[in-house]
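As stored in final-v9.cif (mmCIF, C-alpha atoms):
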data_my_file
loop_
_atom_site.label_atom_id
_atom_site.label_comp_id
_atom_site.auth_asym_id
_atom_site.auth_seq_id
_atom_site.Cartn_x
_atom_site.Cartn_y
_atom_site.Cartn_z
CA MET A 181 114.48 114.83 79.90
CA SER A 182 110.72 114.76 79.93
CA GLY A 183 108.11 112.08 79.39
CA ASP A 184 104.38 111.76 79.76
CA ALA A 185 103.24 113.52 82.94
CA SER A 186 101.64 110.30 84.21
CA SER A 187 104.75 108.17 83.52
CA PRO A 188 108.05 108.23 85.38
CA ASP A 189 111.31 108.98 83.63
CA ILE A 190 113.86 106.30 84.45
CA VAL A 191 117.66 106.20 84.29
CA ILE A 192 119.46 102.85 84.43
CA VAL A 193 123.11 102.99 85.51
CA GLY A 194 125.00 100.08 84.00
CA GLY A 195 124.62 98.59 80.53
CA GLY A 196 125.25 94.93 81.33
CA ILE A 197 122.70 92.17 80.83
CA TRP A 198 120.61 93.08 83.90
CA GLY A 199 120.45 96.76 83.01
CA LEU A 200 119.53 96.01 79.39
CA SER A 201 116.90 93.45 80.38
CA THR A 202 115.40 95.99 82.79
CA ALA A 203 115.38 98.65 80.06
CA TYR A 204 113.66 96.26 77.66
CA HIS A 205 111.00 95.25 80.17
CA LEU A 206 110.33 98.85 81.19
CA ALA A 207 109.95 99.95 77.57
CA ARG A 208 107.78 96.94 76.78
CA SER A 209 105.42 97.82 79.62
CA GLY A 210 104.36 100.97 77.77
CA ASN A 211 104.03 102.87 81.07
CA ALA A 212 107.60 103.78 81.90
CA GLY A 213 108.00 107.17 80.26
CA ARG A 214 111.45 107.84 78.89
CA VAL A 215 114.13 105.26 79.70
CA VAL A 216 117.85 106.03 79.44
CA VAL A 217 120.72 103.60 80.04
CA LEU A 218 124.06 105.11 81.09
CA GLU A 219 127.11 102.92 80.40
CA ARG A 220 130.60 104.06 81.41
CA ASN A 221 132.32 102.03 78.66
CA ALA A 222 132.41 102.55 74.91
CA LYS A 223 130.37 99.36 74.42
CA ILE A 224 127.47 97.77 76.26
CA ALA A 225 127.81 94.45 78.07
CA ASP A 226 131.58 94.55 77.75
CA GLU A 227 132.64 93.67 81.30
CA THR A 228 131.26 90.81 83.44
CA THR A 229 128.44 89.95 81.04
CA ARG A 230 130.91 89.08 78.31
CA GLN A 231 132.72 86.69 80.68
CA ALA A 232 129.64 84.80 81.89
CA ALA A 233 129.22 81.09 81.18
CA GLY A 234 125.62 81.74 80.13
CA GLN A 235 124.13 78.55 81.56
CA ILE A 236 120.41 78.47 82.31
CA GLY A 237 119.58 75.68 84.73
CA GLN A 238 116.10 75.03 86.08
CA LEU A 239 116.97 73.06 89.23
CA ARG A 240 116.38 75.50 92.09
CA SER A 241 115.48 74.71 95.65
CA HIS A 242 113.51 77.94 96.07
CA PRO A 243 110.28 78.32 94.05
CA VAL A 244 110.86 82.04 93.39
CA MET A 245 114.12 81.27 91.61
CA ALA A 246 112.57 78.32 89.80
CA ARG A 247 109.83 80.55 88.43
CA GLY A 248 112.39 83.23 87.60
CA VAL A 249 114.51 80.85 85.55
CA ALA A 250 111.43 79.43 83.84
CA TYR A 251 110.47 82.97 82.85
CA THR A 252 113.94 83.66 81.43
CA LEU A 253 113.96 80.41 79.48
CA GLN A 254 110.59 81.10 77.90
CA LEU A 255 111.44 84.74 77.23
CA LEU A 256 114.65 83.86 75.41
CA THR A 257 113.10 80.93 73.56
CA ASP A 258 110.50 83.26 72.05
CA PHE A 259 112.69 86.35 71.87
CA GLN A 260 113.69 86.29 68.21
CA GLU A 261 110.14 85.66 67.07
CA ASN A 262 108.79 88.45 69.28
CA THR A 263 111.52 91.05 68.73
CA GLY A 264 113.51 90.09 65.65
CA HIS A 265 116.71 89.81 67.71
CA ASP A 266 118.39 86.46 68.28
CA PRO A 267 119.64 85.78 71.84
CA GLY A 268 121.36 82.59 70.65
CA ILE A 269 119.71 80.20 73.08
CA GLN A 270 120.45 76.46 72.95
CA THR A 271 118.43 73.98 75.03
CA PRO A 272 120.18 70.57 74.95
CA GLY A 273 119.42 69.86 78.62
CA SER A 274 121.95 69.34 81.40
CA LEU A 275 123.69 66.45 83.08
CA HIS A 276 124.44 66.62 86.80
CA LEU A 277 127.09 64.06 87.73
CA ALA A 278 127.51 62.55 91.20
CA LEU A 279 130.86 61.14 92.30
CA CYS A 280 129.69 59.87 95.70
CA ARG A 281 126.58 58.43 97.34
CA GLU A 282 126.10 61.59 99.42
CA ARG A 283 125.71 63.59 96.21
CA ILE A 284 123.13 61.10 94.92
CA ALA A 285 121.14 61.72 98.10
CA ALA A 286 121.43 65.46 97.53
CA PHE A 287 120.19 65.01 93.95
CA GLU A 288 117.19 63.08 95.25
CA LYS A 289 116.24 66.04 97.43
CA GLN A 290 116.68 68.40 94.50
CA VAL A 291 114.44 66.38 92.24
CA GLU A 292 111.75 66.35 94.92
CA ALA A 293 111.64 70.13 94.54
CA ALA A 294 111.83 69.80 90.75
CA THR A 295 108.74 67.60 90.72
CA SER A 296 106.71 70.27 92.52
CA GLN A 297 107.99 72.87 90.04
CA ASP A 298 107.01 70.84 86.94
CA ILE A 299 110.63 70.50 85.81
CA GLN A 300 111.23 67.47 83.59
CA PHE A 301 114.16 65.35 84.79
CA GLU A 302 115.28 61.75 85.12
CA PHE A 303 118.03 59.65 86.66
CA VAL A 304 119.93 58.31 83.68
CA SER A 305 122.04 55.29 82.74
CA ASP A 306 125.67 55.13 81.70
CA LYS A 307 124.51 54.42 78.16
CA PHE A 308 122.46 57.63 78.08
CA ILE A 309 125.42 59.65 79.38
CA ARG A 310 127.73 58.23 76.71
CA GLN A 311 125.18 59.05 74.02
CA GLN A 312 124.85 62.65 75.18
CA ALA A 313 128.46 63.32 76.17
CA PRO A 314 130.75 60.62 74.69
CA SER A 315 133.90 62.01 76.31
CA ILE A 316 132.68 61.31 79.85
CA ASP A 317 134.16 58.23 81.54
CA THR A 318 131.11 56.78 83.25
CA SER A 319 133.24 54.46 85.39
CA ALA A 320 134.28 57.54 87.37
CA ILE A 321 130.76 58.51 88.47
CA GLU A 322 128.18 57.09 90.88
CA GLY A 323 125.13 58.36 89.02
CA ALA A 324 123.57 61.27 87.20
CA ILE A 325 120.40 63.17 86.54
CA TYR A 326 119.41 64.77 83.27
CA VAL A 327 117.24 67.91 83.21
CA HIS A 328 115.24 68.37 80.04
CA GLY A 329 115.09 71.85 78.55
CA ASP A 330 118.07 73.34 80.38
CA GLY A 331 120.12 75.55 78.14
CA TYR A 332 122.87 78.05 77.59
CA VAL A 333 123.51 81.22 75.66
CA ASP A 334 126.37 83.38 74.58
CA ALA A 335 125.76 85.91 77.34
CA HIS A 336 127.14 88.80 75.31
CA GLN A 337 124.89 88.00 72.35
CA THR A 338 121.89 87.77 74.66
CA ALA A 339 122.67 91.13 76.24
CA LEU A 340 123.00 92.73 72.80
CA ALA A 341 119.61 91.26 71.88
CA TYR A 342 118.03 92.79 74.99
CA GLY A 343 119.67 96.10 74.14
CA ALA A 344 118.58 96.08 70.50
CA ALA A 345 115.01 95.23 71.44
CA ALA A 346 115.03 98.00 74.05
CA ARG A 347 116.27 100.52 71.47
CA ASP A 348 113.50 99.45 69.10
CA LEU A 349 111.05 100.43 71.83
CA GLY A 350 112.59 103.86 72.29
CA VAL A 351 115.20 103.32 74.99
CA GLU A 352 118.26 105.60 74.75
CA ILE A 353 121.64 104.03 75.49
CA ARG A 354 124.36 106.56 76.28
CA LEU A 355 127.94 105.24 76.10
CA ASN A 356 131.06 106.66 77.78
CA ALA A 357 128.72 108.04 80.44
CA LYS A 358 130.38 107.78 83.84
CA VAL A 359 128.18 108.67 86.79
CA SER A 360 129.64 111.28 89.13
CA GLY A 361 126.66 112.05 91.36
CA PHE A 362 122.92 112.08 91.97
CA ARG A 363 120.42 114.85 92.51
CA PHE A 364 117.74 114.75 95.21
CA ASN A 365 114.84 116.82 96.42
CA GLY A 366 114.78 115.75 100.04
CA ASP A 367 114.77 111.96 99.90
CA GLN A 368 113.35 111.81 96.37
CA ILE A 369 115.72 111.17 93.47
CA THR A 370 115.46 113.80 90.74
CA GLY A 371 118.41 113.08 88.48
CA VAL A 372 121.78 111.56 87.69
CA GLN A 373 124.96 113.46 86.94
CA ALA A 374 127.25 111.84 84.38
CA GLY A 375 130.14 112.93 82.20
CA THR A 376 131.21 111.76 78.76
CA ALA A 377 134.66 111.31 77.31
CA ASP A 378 134.03 113.73 74.46
CA GLY A 379 131.64 116.14 76.14
CA PRO A 380 132.24 119.59 77.62
CA GLY A 381 131.31 118.48 81.12
CA ASP A 382 128.85 116.55 83.22
CA LYS A 383 125.23 116.39 82.20
CA ILE A 384 122.17 116.05 84.42
CA TYR A 385 119.70 113.35 83.42
CA GLU A 386 116.41 114.07 85.14
CA ALA A 387 114.63 111.03 86.53
CA ASP A 388 111.88 109.95 88.89
CA HIS A 389 113.57 106.57 89.28
CA VAL A 390 117.20 105.45 89.03
CA VAL A 391 118.13 101.77 88.78
CA ILE A 392 121.75 100.85 89.56
CA THR A 393 122.72 97.65 87.74
CA ALA A 394 126.49 98.02 87.75
CA GLY A 395 127.50 94.51 88.86
CA PRO A 396 130.68 94.51 91.01
CA TRP A 397 130.89 98.30 90.52
CA THR A 398 127.50 98.89 92.16
CA ALA A 399 129.04 99.85 95.50
CA LEU A 400 131.12 102.52 93.74
CA VAL A 401 127.97 104.04 92.24
CA ALA A 402 125.79 103.58 95.31
CA GLN A 403 128.23 105.54 97.46
CA PHE A 404 126.91 108.68 95.75
CA VAL A 405 123.54 108.08 97.42
CA GLY A 406 125.10 107.16 100.77
CA PHE A 407 124.18 103.46 100.68
CA VAL A 408 126.51 100.49 101.02
CA PRO A 409 125.17 97.33 99.32
CA PRO A 410 126.15 93.97 100.88
CA VAL A 411 128.22 92.93 97.87
CA ASN A 412 131.77 91.91 97.09
CA GLY A 413 133.33 90.83 93.81
CA ILE A 414 134.91 87.39 93.49
CA ARG A 415 137.33 86.51 90.71
CA LEU A 416 135.91 84.29 87.97
CA GLN A 417 137.98 81.57 86.33
CA GLN A 418 137.01 79.91 83.05
CA ALA A 419 138.71 78.65 79.91
CA ARG A 420 137.74 77.31 76.49
CA THR A 421 139.55 74.50 74.71
CA VAL A 422 140.31 74.17 71.03
CA ALA A 423 137.66 72.47 68.96
CA ASP A 424 136.88 68.78 69.50
CA PRO A 425 135.81 67.22 66.17
CA THR A 426 133.95 64.47 68.04
CA LEU A 427 131.79 66.86 70.08
CA PRO A 428 128.13 66.12 69.25
CA ALA A 429 125.78 68.97 68.38
CA HIS A 430 123.38 67.89 71.15
CA HIS A 431 126.05 67.88 73.91
CA PRO A 432 124.40 69.08 77.14
CA VAL A 433 125.66 71.36 79.87
CA VAL A 434 127.55 69.20 82.39
CA ARG A 435 127.83 70.01 86.08
CA ILE A 436 130.17 68.12 88.42
CA PRO A 437 129.42 69.61 91.85
CA ASP A 438 131.79 67.21 93.65
CA ARG A 439 134.61 68.87 91.72
CA SER A 440 133.10 72.38 91.86
CA CYS A 441 133.23 72.44 88.06
CA TYR A 442 130.96 72.80 85.06
CA LEU A 443 131.36 72.72 81.29
CA ARG A 444 129.43 73.19 78.09
CA PRO A 445 130.09 73.40 74.35
CA GLU A 446 131.36 76.65 72.87
CA LYS A 447 132.80 77.30 69.41
CA GLY A 448 133.31 73.59 68.87
CA GLY A 449 135.32 73.15 72.08
CA TYR A 450 134.53 73.02 75.79
CA LEU A 451 134.02 76.05 78.00
CA PHE A 452 134.67 75.05 81.60
CA GLY A 453 134.75 76.86 84.91
CA TYR A 454 135.78 76.20 88.49
CA PHE A 455 134.84 77.46 91.96
CA ASP A 456 138.10 77.23 93.88
CA SER A 457 138.22 76.60 97.61
CA GLN A 458 140.10 79.85 98.30
CA PRO A 459 138.27 82.45 96.20
CA THR A 460 140.01 85.71 95.41
CA ALA A 461 137.98 88.73 96.52
CA MET A 462 138.08 91.69 94.14
CA ASP A 463 136.44 94.99 95.02
CA PRO A 464 136.68 97.87 92.54
CA ARG A 465 136.69 100.22 95.52
CA ASP A 466 140.15 98.88 96.41
CA HIS A 467 141.69 99.80 93.06
CA PRO A 468 142.96 103.25 92.14
CA GLY A 469 141.46 104.58 88.94
CA GLU A 470 139.03 102.36 87.09
CA LEU A 471 139.17 98.58 87.28
CA HIS A 472 138.25 96.75 84.07
CA THR A 473 138.00 93.00 83.65
CA GLU A 474 140.71 93.04 80.99
CA GLN A 475 143.17 94.14 83.69
CA ILE A 476 142.59 90.98 85.75
CA GLU A 477 145.36 88.41 85.44
CA PRO A 478 144.20 85.20 83.70
CA PRO A 479 143.88 82.35 86.26
CA PHE A 480 146.41 79.98 84.64
CA GLU A 481 147.14 77.90 87.74
CA LEU A 482 143.48 77.52 88.68
CA ILE A 483 142.59 76.36 85.18
CA ASP A 484 145.32 73.74 85.41
CA GLU A 485 143.85 72.70 88.76
CA ALA A 486 140.37 72.47 87.24
CA ARG A 487 141.63 70.31 84.38
CA ASP A 488 143.34 67.99 86.86
CA LEU A 489 140.06 67.65 88.74
CA LEU A 490 138.02 67.05 85.60
CA SER A 491 140.37 64.76 83.71
CA PRO A 492 139.39 61.55 85.57
CA ILE A 493 135.77 62.20 84.57
CA MET A 494 136.50 63.59 81.12
CA PRO A 495 139.99 62.50 80.02
CA LEU A 496 139.75 64.35 76.70
CA LEU A 497 139.68 67.68 78.53
CA GLY A 498 143.22 67.14 79.71
CA GLN A 499 144.38 66.50 76.15
CA LEU A 500 142.88 69.55 74.42
CA ALA A 501 144.86 72.79 74.37
CA ILE A 502 143.39 75.93 75.88
CA GLU A 503 142.38 78.43 73.22
CA GLU A 504 140.98 81.16 75.50
CA PHE A 505 141.28 82.10 79.15
CA ARG A 506 138.49 84.15 80.68
CA GLN A 507 139.01 86.34 83.67
CA GLY A 508 136.45 88.52 85.33
CA MET A 509 134.36 88.93 88.45
CA VAL A 510 131.05 87.79 89.82
CA SER A 511 129.32 89.89 92.45
CA CYS A 512 128.32 87.94 95.55
CA THR A 513 126.48 88.34 98.85
CA PRO A 514 126.95 86.48 102.15
CA ASP A 515 123.72 84.53 101.68
CA GLY A 516 123.92 83.87 97.93
CA TRP A 517 120.79 85.86 97.09
CA TYR A 518 120.55 88.77 94.67
CA VAL A 519 120.42 92.37 95.88
CA LEU A 520 117.22 93.60 94.30
CA GLY A 521 114.74 96.32 95.15
CA PRO A 522 114.43 99.84 96.53
CA VAL A 523 117.20 101.41 98.57
CA PRO A 524 116.02 101.98 102.17
CA GLU A 525 115.00 105.53 103.17
CA LEU A 526 115.28 106.86 99.61
CA LYS A 527 112.53 107.29 97.06
CA GLY A 528 113.07 106.23 93.49
CA VAL A 529 116.50 104.56 93.92
CA TRP A 530 116.68 100.87 93.03
CA LEU A 531 119.42 98.26 93.03
CA GLY A 532 119.88 95.19 90.85
CA THR A 533 123.18 93.47 91.59
CA ALA A 534 124.90 90.42 93.10
CA CYS A 535 124.40 87.93 90.31
CA ALA A 536 126.10 85.28 92.50
CA ALA A 537 127.08 83.36 89.32
CA MET A 538 123.38 83.12 88.42
CA GLY A 539 123.15 86.32 86.43
CA ILE A 540 122.22 85.04 82.99
CA ALA A 541 119.64 82.53 84.21
CA GLY A 542 117.97 85.29 86.19
CA SER A 543 118.36 88.09 83.65
CA GLY A 544 114.85 87.97 82.25
CA ALA A 545 113.22 87.67 85.66
CA VAL A 546 115.30 90.50 87.15
CA GLY A 547 114.25 92.86 84.37
CA ASN A 548 110.63 91.78 84.70
CA TRP A 549 110.57 92.09 88.49
CA LEU A 550 112.18 95.53 88.53
CA SER A 551 109.94 96.80 85.74
CA LYS A 552 106.77 95.66 87.48
CA TRP A 553 107.99 97.00 90.81
CA ILE A 554 108.68 100.46 89.39
CA VAL A 555 105.67 100.77 87.09
CA GLN A 556 103.03 98.82 89.03
CA GLY A 557 104.38 99.00 92.58
CA ASP A 558 104.63 95.21 92.90
CA PRO A 559 107.27 92.86 91.43
CA GLY A 560 104.82 89.97 91.31
CA GLU A 561 106.83 87.87 93.77
CA ASP A 562 107.85 88.11 97.41
CA LEU A 563 111.45 89.26 97.00
CA SER A 564 112.07 90.18 100.63
CA MET A 565 115.01 87.75 100.77
CA MET A 566 116.74 89.97 98.17
CA ALA A 567 116.15 93.30 99.95
CA PRO A 568 119.18 95.64 99.65
CA GLY A 569 119.07 96.50 103.35
CA ARG A 570 118.65 92.99 104.73
CA PHE A 571 122.06 92.91 106.47
CA GLY A 572 121.57 96.23 108.18
CA ALA A 573 124.72 97.89 109.52
CA ARG A 574 126.81 94.79 108.82
CA ALA A 575 126.82 95.73 105.12
CA SER A 576 129.28 98.50 106.03
CA GLU A 577 131.71 96.02 107.60
CA ARG A 578 133.73 95.43 104.47
CA ASN A 579 136.00 92.77 105.94
CA TRP A 580 133.01 90.77 107.17
CA ILE A 581 131.21 91.09 103.83
CA ARG A 582 134.36 90.08 101.96
CA GLN A 583 134.98 86.98 104.04
CA GLN A 584 131.34 85.89 104.00
CA CYS A 585 131.18 86.29 100.23
CA ARG A 586 134.39 84.29 99.81
CA GLN A 587 132.95 81.54 101.97
CA ALA A 588 129.64 81.51 100.07
CA CYS A 589 131.49 81.22 96.77
CA ALA A 590 133.85 78.51 98.06
CA ASN A 591 130.82 76.49 99.23
CA TYR A 592 128.88 76.98 96.01
CA TYR A 593 128.51 73.21 95.47
CA SER A 594 129.11 72.12 99.05
CA LEU A 595 127.18 69.18 100.46
CA GLN A 596 127.32 71.03 103.78
CA GLY A 597 124.73 73.54 102.69
CA GLY A 598 126.45 75.91 100.29
CA ALA A 599 124.13 78.92 100.21
CA THR A 600 124.25 79.60 96.50
CA TYR A 601 123.82 76.06 95.25
CA SER A 602 120.79 75.74 97.51
CA VAL A 603 119.30 78.63 95.55
CA GLY A 604 120.51 77.53 92.14
CA THR A 605 123.30 76.18 89.99
CA SER A 606 126.23 77.82 88.27
CA ASP A 607 125.17 80.05 85.41
#

Translate the structure of the given file into structure tokens.
Amino acid sequence: MSGDASSPDIVIVGGGIWGLSTAYHLARSGNAGRVVVLERNAKIADETTRQAAGQIGQLRSHPVMARGVAYTLQLLTDFQENTGHDPGIQTPGSLHLALCRERIAAFEKQVEAATSQDIQFEFVSDKFIRQQAPSIDTSAIEGAIYVHGDGYVDAHQTALAYGAAARDLGVEIRLNAKVSGFRFNGDQITGVQAGTADGPGDKIYEADHVVITAGPWTALVAQFVGFVPPVNGIRLQQARTVADPTLPAHHPVVRIPDRSCYLRPEKGGYLFGYFDSQPTAMDPRDHPGELHTEQIEPPFELIDEARDLLSPIMPLLGQLAIEEFRQGMVSCTPDGWYVLGPVPELKGVWLGTACAAMGIAGSGAVGNWLSKWIVQGDPGEDLSMMAPGRFGARASERNWIRQQCRQACANYYSLQGGATYSVGTSD
């Protein structure tokens, strides 16, 4: 593999939405040399990306994340016009429902931050809620805020759009390419070793930079470079109901943090998800062979629990049959932040993982930050809070990482300072 002598050749390991966004941004920069994406599966974006809720919410307590989500929203809004590929974005806004006075107080603090970030929002009346989401029983809630311009996508469609636009710009996407090792010259990466299902053996892909964007499988890949990222997978639980003929076209995303739930329209029904209080940790390193999301048992009992929690607020949800269960994983960290940036003590090795249930909302920004970092030497933001090595030796304590990640996920919407919700909302 060879590119312009002044431009680095780059291999991206993992063809999910973050890897494809990074490939697109690198190719768009015009200064990245040859870019190759290696995906172990027969299709791109066929694991955790396909299972994502795809919500893009602007309310973030940290300005870096607020700017990152704003970038993603604008990128996807203009994407079809700029690339010819439709990411399928919808922007009906979002309703955040409070079931207690303490949550109202928390909303007031959030909107203080929103004001400084130029996010358009308002506290809304019961009448407004019924107009936007007629199935909500407003007698069950204490109050609500509405965020203008919030949206959602079909995450799989968005990832395919990133991938198609990247291909148009010359990116190669190699399927059935399972990484089996890395090549170094001292501490400098020089290539990636990967095999294919139909090939004669492993192939070496030369590279000046390697970006590992393998989601919950990142630790499996990173072990080949001797680094342990502070990440653990947590089981995802979502379901979609049959179609509701009364569902309005403008129905917003709805978040009910006091029930650790969210929902939005999909295929004429309601896609809803739930952060349970006892999250199930799932680490591909603990499974013999290869773990795929399709092997994960659907969370039937948890979906029943979520419907019981939501039915007082949205009685119709308890009456509609479930048409699809979704099972998968999200990759989490103890502090709820992404793992993003260069691997310590190695040159040219980068990580982009730990979506922390905010992977789609951050997908554009992650690709942009990594591209700028690699090509220009600066991501354009202070991302020190996302540094891969920020936990030091504790990252190797798998039991500690697992328990901390479970706790962070369980407290996603907690009023007692859930780490992730303080950074963002469920996406």

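For the set A:Arg354, A:His431, A:His328, A:Arg586, the residue with the smallest atom-to-atom gap to Ser511 (chain A) is A:Arg586, counting only C-alpha atoms.
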
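In terms of minimum interatomic distance to Gln373 (chain A), A:Val193 ranks closest within A:Val249, A:Pro445, A:Val193, A:Gly350, counting all atoms listed in the file.
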
Choose the residue, out of A:Ser543, A:Gln556, A:Gln584, A:Gln475, that has the smallest atom-to-atom separation from Ala212 (chain A); count all atoms listed in the file.
-> A:Gln556

Extract, using only C-alpha atoms, all DNA, RNA and protein residues at most 7 Å from region 231-235 of chain A, discarding same-chain residues fewer than 6 positions from it, and format them as number ranges by chain.
-> A: 331-335, 506-508, 540-541, 607

Test item: the PyMOL selection byres ((chain A and resi 571) around 10) resolved as number ranges by chain | A: 409-410, 513-515, 567-570, 572-576, 581

On this structure, which residues satisfy the PyMOL selection byres ((chain A and resi 214) around 7), written as a ChimeraX atom specification?
-> /A:183,189-190,212-213,215-216

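As for CA of Pro524 (chain A) and CA of Cys585 (chain A), they are spaced 21.9 Å apart.
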
How would you write, as JSON, numbers by chain, the residues chosen by the PyMOL selection byres ((chain A and resi 269-276) around 6) on this structure?
-> {"A": [267, 268, 277, 324, 325, 326, 327, 328, 329, 330, 331, 332, 333, 430, 432, 433, 434, 435]}

Excluding same-chain residues fewer than 2 positions from Gln297 (chain A), what lies within 10 Å of it counting only C-alpha atoms, as a PyMOL selection string?
-> chain A and resi 238-243+246-247+250+291-295+299-300

Could you write region 236-260 of chain A as a PDB file, keeping the file's coordinate frame, with N, CA and C atoms rebuilt where they are missing?
ATOM      1  N   ILE A 236     121.751  78.223  81.779  1.00  0.00           N
ATOM      2  CA  ILE A 236     120.410  78.470  82.310  1.00  0.00           C
ATOM      3  C   ILE A 236     119.851  77.149  82.806  1.00  0.00           C
ATOM      4  N   GLY A 237     120.002  76.939  84.111  1.00  0.00           N
ATOM      5  CA  GLY A 237     119.580  75.680  84.730  1.00  0.00           C
ATOM      6  C   GLY A 237     118.326  75.853  85.551  1.00  0.00           C
ATOM      7  N   GLN A 238     117.406  74.909  85.421  1.00  0.00           N
ATOM      8  CA  GLN A 238     116.100  75.030  86.080  1.00  0.00           C
ATOM      9  C   GLN A 238     116.072  74.499  87.507  1.00  0.00           C
ATOM     10  N   LEU A 239     117.020  73.643  87.895  1.00  0.00           N
ATOM     11  CA  LEU A 239     116.970  73.060  89.230  1.00  0.00           C
ATOM     12  C   LEU A 239     117.272  74.109  90.287  1.00  0.00           C
ATOM     13  N   ARG A 240     116.257  74.494  91.024  1.00  0.00           N
ATOM     14  CA  ARG A 240     116.380  75.500  92.090  1.00  0.00           C
ATOM     15  C   ARG A 240     115.595  75.007  93.294  1.00  0.00           C
ATOM     16  N   SER A 241     116.181  75.164  94.454  1.00  0.00           N
ATOM     17  CA  SER A 241     115.480  74.710  95.650  1.00  0.00           C
ATOM     18  C   SER A 241     114.390  75.678  96.077  1.00  0.00           C
ATOM     19  N   HIS A 242     114.503  76.946  95.665  1.00  0.00           N
ATOM     20  CA  HIS A 242     113.510  77.940  96.070  1.00  0.00           C
ATOM     21  C   HIS A 242     112.554  78.210  94.906  1.00  0.00           C
ATOM     22  N   PRO A 243     111.245  78.155  95.145  1.00  0.00           N
ATOM     23  CA  PRO A 243     110.280  78.320  94.050  1.00  0.00           C
ATOM     24  C   PRO A 243     110.348  79.668  93.348  1.00  0.00           C
ATOM     25  N   VAL A 244     110.745  80.730  94.054  1.00  0.00           N
ATOM     26  CA  VAL A 244     110.860  82.040  93.390  1.00  0.00           C
ATOM     27  C   VAL A 244     111.914  81.982  92.300  1.00  0.00           C
ATOM     28  N   MET A 245     113.069  81.372  92.612  1.00  0.00           N
ATOM     29  CA  MET A 245     114.120  81.270  91.610  1.00  0.00           C
ATOM     30  C   MET A 245     113.721  80.323  90.500  1.00  0.00           C
ATOM     31  N   ALA A 246     113.023  79.249  90.840  1.00  0.00           N
ATOM     32  CA  ALA A 246     112.570  78.320  89.800  1.00  0.00           C
ATOM     33  C   ALA A 246     111.654  79.027  88.809  1.00  0.00           C
ATOM     34  N   ARG A 247     110.734  79.813  89.330  1.00  0.00           N
ATOM     35  CA  ARG A 247     109.830  80.550  88.430  1.00  0.00           C
ATOM     36  C   ARG A 247     110.592  81.619  87.646  1.00  0.00           C
ATOM     37  N   GLY A 248     111.592  82.222  88.286  1.00  0.00           N
ATOM     38  CA  GLY A 248     112.390  83.230  87.600  1.00  0.00           C
ATOM     39  C   GLY A 248     113.163  82.645  86.425  1.00  0.00           C
ATOM     40  N   VAL A 249     113.773  81.484  86.635  1.00  0.00           N
ATOM     41  CA  VAL A 249     114.510  80.850  85.550  1.00  0.00           C
ATOM     42  C   VAL A 249     113.564  80.380  84.457  1.00  0.00           C
ATOM     43  N   ALA A 250     112.410  79.851  84.841  1.00  0.00           N
ATOM     44  CA  ALA A 250     111.430  79.430  83.840  1.00  0.00           C
ATOM     45  C   ALA A 250     111.001  80.613  82.983  1.00  0.00           C
ATOM     46  N   TYR A 251     110.833  81.769  83.608  1.00  0.00           N
ATOM     47  CA  TYR A 251     110.470  82.970  82.850  1.00  0.00           C
ATOM     48  C   TYR A 251     111.574  83.336  81.859  1.00  0.00           C
ATOM     49  N   THR A 252     112.833  83.316  82.317  1.00  0.00           N
ATOM     50  CA  THR A 252     113.940  83.660  81.430  1.00  0.00           C
ATOM     51  C   THR A 252     114.039  82.690  80.260  1.00  0.00           C
ATOM     52  N   LEU A 253     113.900  81.409  80.541  1.00  0.00           N
ATOM     53  CA  LEU A 253     113.960  80.410  79.480  1.00  0.00           C
ATOM     54  C   LEU A 253     112.891  80.661  78.414  1.00  0.00           C
ATOM     55  N   GLN A 254     111.677  80.881  78.861  1.00  0.00           N
ATOM     56  CA  GLN A 254     110.590  81.100  77.900  1.00  0.00           C
ATOM     57  C   GLN A 254     110.783  82.411  77.146  1.00  0.00           C
ATOM     58  N   LEU A 255     111.206  83.448  77.866  1.00  0.00           N
ATOM     59  CA  LEU A 255     111.440  84.740  77.230  1.00  0.00           C
ATOM     60  C   LEU A 255     112.463  84.620  76.106  1.00  0.00           C
ATOM     61  N   LEU A 256     113.586  83.959  76.395  1.00  0.00           N
ATOM     62  CA  LEU A 256     114.650  83.860  75.410  1.00  0.00           C
ATOM     63  C   LEU A 256     114.303  82.889  74.279  1.00  0.00           C
ATOM     64  N   THR A 257     113.538  81.855  74.595  1.00  0.00           N
ATOM     65  CA  THR A 257     113.100  80.930  73.560  1.00  0.00           C
ATOM     66  C   THR A 257     112.248  81.626  72.508  1.00  0.00           C
ATOM     67  N   ASP A 258     111.410  82.560  72.951  1.00  0.00           N
ATOM     68  CA  ASP A 258     110.500  83.260  72.050  1.00  0.00           C
ATOM     69  C   ASP A 258     111.038  84.617  71.587  1.00  0.00           C
ATOM     70  N   PHE A 259     112.240  84.973  72.021  1.00  0.00           N
ATOM     71  CA  PHE A 259     112.690  86.350  71.870  1.00  0.00           C
ATOM     72  C   PHE A 259     112.857  86.752  70.401  1.00  0.00           C
ATOM     73  N   GLN A 260     113.474  85.918  69.616  1.00  0.00           N
ATOM     74  CA  GLN A 260     113.690  86.290  68.210  1.00  0.00           C
ATOM     75  C   GLN A 260     112.372  86.452  67.473  1.00  0.00           C
TER      76      GLN A 260
END
